[in-house]
Amino acid sequence: FIPTLLPICGQAQSLAAQRAVAAARGQAEVAAKSPAQPWREQAFAAAWRQTVDWPELQGDAHRMDVLGQVRRAPDDAARAAALAQTIPGLDAVQSLDQLLDWVRAGDCVAADVARRALGVGRPLAGVECMGEDALAALAREALAAEDFNAQDPVDGALEVGPLAMARDPLVAELQAELGTTVLARVLAQILDTRFICRALDSVAGAGEPKTNAWSTAGGVGVGRAMTSRGPVFHRVSLDGGAEDTVVDWRVMAPTDWHFAARGPVARALSQMDGDEAMKLLVASYDPCTPWSLRTGSGEGGESA
């Protein structure tokens with residue numbers, strides 16, 4: 001029922017939930033049905049960004065033909081090839097200079113969005129390229145608190161998307177050179193699309209992180225699964241007298257943390273001016289829900 005309740009990245013949500021329940025029961029970690037399963041869903045999410053969300057940002061038509069090819073691909077190699085259509089020529093890029101050349105000369109919506117981001121603002125309050133295991137360690141600490149609230153974490157929400165995951169080797173280099181800019185975040189999303197393509201082509205060499213479930217206390221389990229926007233965590237508490245009775249269930253998804261009241265988007269918007277820059281900023285966090293941006297002046301001054 002989890003994919004019905006939480007349809008965005010529903011397979012990852014379901015896997016994280018299964019792992020959380022197993023950990024709460026003291027059972028072995030639940031594995032994905034196949035090595036390719038997580039990557040197929042991530043490929044569709046990355047394709048949606050490139051064929052629906054970003055064309056809308058540009059005022060262009062959706063590319064439903066390409067999205068359909070990714071969804072209906074007969075095998076994972078064909079799925080990777082369909083997704084690679086959204087980033088033509090990127091596979092040959094080996095350095096940051098080559099990446100910026102690709103942005104300047106590219107003839108695709110991803111390069112168009114990156115070119116718009118070239119002129120957006122100074123580096124914002126930072127994010128480290130932590131990697132998936134470091135993000136899990138931070139989440140482990142946060143989720144151990146009994147009163148954990150993903151919408152308002154005690155120490156402020158983390159950034160957990162492609163820039164923080166740094167799955168493509170070039171991401172750490174671009175963050176070091178460009179700082180935490182809108183451009184760096186957009187390029188990290190583009191590079192992560194390449195990473196997903198390569199993972200689909202060779203799923204044996206692109207497995208999941210080693211530890212995806214743990215218990216924080218008796219009867220309390222946490223499960224993790226990866227999405228294209230970052231890791232999603234489920235924390236489940238079971239009644240000690242009846243193992244199948246859920247007494248508490250909490251979810252921490254990338255969009256929850258990114259768009260929390262004290263999260264990175266709110267912090268970054270407070271440092272920016274202009275609707276164009278703000279829209280690109282929001283898009284650079286790849287929200288998994290429809291969104292709109294309104295700015296105005298009220299009694300409290302500027303608000304967004």
# chains A, B, ... in the order shown; residues from 1 in each chain; ligands from 1
call {"tool": "residues_around", "arguments": {"residues": "range 105-120 of chain A", "least_positions_apart": "5", "cutoff": "10 Å", "atoms": "only C-alpha atoms", "output": "ChimeraX atom specification"}}
result
/A:49-51,54-55,57-58,60,85-90,99-100,181-187,189-190,272-274,276-278,280-281,283-284
call {"tool": "select_by_dssp", "arguments": {"residues": "range 128-236 of chain A", "states": "helix (DSSP H, G or I)", "output": "VMD selection string"}}
result
chain A and resid 132 to 143 162 to 165 170 to 178 182 to 201 203 to 205
call {"tool": "write_last_selection", "arguments": {"atoms": "C-alpha atoms", "output": "PDB file, in the first residue's frame"}}
result
ATOM      1  CA  GLU A 132      25.426   8.514   0.548  1.00  0.00           C
ATOM      2  CA  ASP A 133      26.948   6.891   3.632  1.00  0.00           C
ATOM      3  CA  ALA A 134      27.693  10.218   5.335  1.00  0.00           C
ATOM      4  CA  LEU A 135      24.129  11.356   4.676  1.00  0.00           C
ATOM      5  CA  ALA A 136      22.874   8.137   6.242  1.00  0.00           C
ATOM      6  CA  ALA A 137      25.036   8.729   9.318  1.00  0.00           C
ATOM      7  CA  LEU A 138      23.533  12.194   9.792  1.00  0.00           C
ATOM      8  CA  ALA A 139      20.040  10.814   9.298  1.00  0.00           C
ATOM      9  CA  ARG A 140      20.733   8.033  11.806  1.00  0.00           C
ATOM     10  CA  GLU A 141      21.476  10.648  14.469  1.00  0.00           C
ATOM     11  CA  ALA A 142      18.466  12.803  13.595  1.00  0.00           C
ATOM     12  CA  LEU A 143      16.002   9.918  13.413  1.00  0.00           C
ATOM     13  CA  PRO A 162      22.653  15.141  -6.147  1.00  0.00           C
ATOM     14  CA  LEU A 163      25.121  17.830  -5.036  1.00  0.00           C
ATOM     15  CA  ALA A 164      25.330  16.307  -1.548  1.00  0.00           C
ATOM     16  CA  MET A 165      25.267  12.700  -2.797  1.00  0.00           C
ATOM     17  CA  LEU A 170      32.826  15.315 -11.336  1.00  0.00           C
ATOM     18  CA  VAL A 171      30.350  16.601  -8.732  1.00  0.00           C
ATOM     19  CA  ALA A 172      32.931  17.105  -5.988  1.00  0.00           C
ATOM     20  CA  GLU A 173      35.155  19.001  -8.434  1.00  0.00           C
ATOM     21  CA  LEU A 174      32.413  21.332  -9.612  1.00  0.00           C
ATOM     22  CA  GLN A 175      31.327  22.077  -6.034  1.00  0.00           C
ATOM     23  CA  ALA A 176      34.901  22.879  -5.059  1.00  0.00           C
ATOM     24  CA  GLU A 177      35.287  25.238  -8.023  1.00  0.00           C
ATOM     25  CA  LEU A 178      31.803  26.778  -8.260  1.00  0.00           C
ATOM     26  CA  VAL A 182      22.388  27.310  -8.433  1.00  0.00           C
ATOM     27  CA  LEU A 183      24.650  26.370 -11.348  1.00  0.00           C
ATOM     28  CA  ALA A 184      26.511  23.792  -9.250  1.00  0.00           C
ATOM     29  CA  ARG A 185      23.244  22.237  -8.164  1.00  0.00           C
ATOM     30  CA  VAL A 186      21.809  22.119 -11.689  1.00  0.00           C
ATOM     31  CA  LEU A 187      25.015  20.578 -13.030  1.00  0.00           C
ATOM     32  CA  ALA A 188      24.985  18.018 -10.224  1.00  0.00           C
ATOM     33  CA  GLN A 189      21.487  16.977 -11.331  1.00  0.00           C
ATOM     34  CA  ILE A 190      22.664  16.685 -14.928  1.00  0.00           C
ATOM     35  CA  LEU A 191      25.716  14.638 -13.923  1.00  0.00           C
ATOM     36  CA  ASP A 192      23.554  12.417 -11.739  1.00  0.00           C
ATOM     37  CA  THR A 193      21.443  11.676 -14.805  1.00  0.00           C
ATOM     38  CA  ARG A 194      24.624  10.437 -16.474  1.00  0.00           C
ATOM     39  CA  PHE A 195      25.417   8.356 -13.396  1.00  0.00           C
ATOM     40  CA  ILE A 196      21.973   6.721 -13.560  1.00  0.00           C
ATOM     41  CA  CYS A 197      22.468   5.938 -17.255  1.00  0.00           C
ATOM     42  CA  ARG A 198      25.762   4.231 -16.484  1.00  0.00           C
ATOM     43  CA  ALA A 199      24.285   2.346 -13.532  1.00  0.00           C
ATOM     44  CA  LEU A 200      21.538   0.936 -15.753  1.00  0.00           C
ATOM     45  CA  ASP A 201      24.130  -0.142 -18.292  1.00  0.00           C
ATOM     46  CA  VAL A 203      23.915  -2.666 -12.586  1.00  0.00           C
ATOM     47  CA  ALA A 204      26.366  -5.220 -11.229  1.00  0.00           C
ATOM     48  CA  GLY A 205      28.884  -2.452 -10.643  1.00  0.00           C
TER      49      GLY A 205
END
call {"tool": "closest_residue", "arguments": {"among": "A:Ala84, A:Ala47, A:Gly221, A:Ala22", "to": "Gly68 in chain A", "atoms": "only C-alpha atoms"}}
result
A:Ala47
call {"tool": "select_by_dssp", "arguments": {"residues": "range 105-300 of chain A", "states": "strand (DSSP E)", "output": "MDAnalysis selection string"}}
result
chainID A and resid 213:217 220:227 230:239 242:252 296:298
call {"tool": "atom_distance", "arguments": {"atom1": "CA of Ala92 in chain A", "atom2": "CA of Ala166 in chain A"}}
result
18.5 Å
call {"tool": "closest_residue", "arguments": {"among": "A:Asp65, A:Asp53, A:Asp76, A:Asp101", "to": "Ser202 in chain A", "atoms": "only C-alpha atoms"}}
result
A:Asp76
call {"tool": "closest_residue", "arguments": {"among": "A:Leu158, A:Met252, A:Met64, A:Ala225", "to": "Tyr285 in chain A", "atoms": "only C-alpha atoms"}}
result
A:Leu158
call {"tool": "residues_around", "arguments": {"residues": "Phe44 in chain A", "least_positions_apart": "4", "cutoff": "8 Å", "atoms": "only C-alpha atoms", "output": "number ranges by chain"}}
result
A: 40, 48, 67, 70-71
call {"tool": "atom_distance", "arguments": {"atom1": "CA of Gly218 in chain A", "atom2": "CA of Arg19 in chain A"}}
result
15.2 Å
call {"tool": "closest_residue", "arguments": {"among": "A:Val282, A:Ala268, A:Ala213, A:Ala43", "to": "Gln18 in chain A", "atoms": "only C-alpha atoms"}}
result
A:Ala213
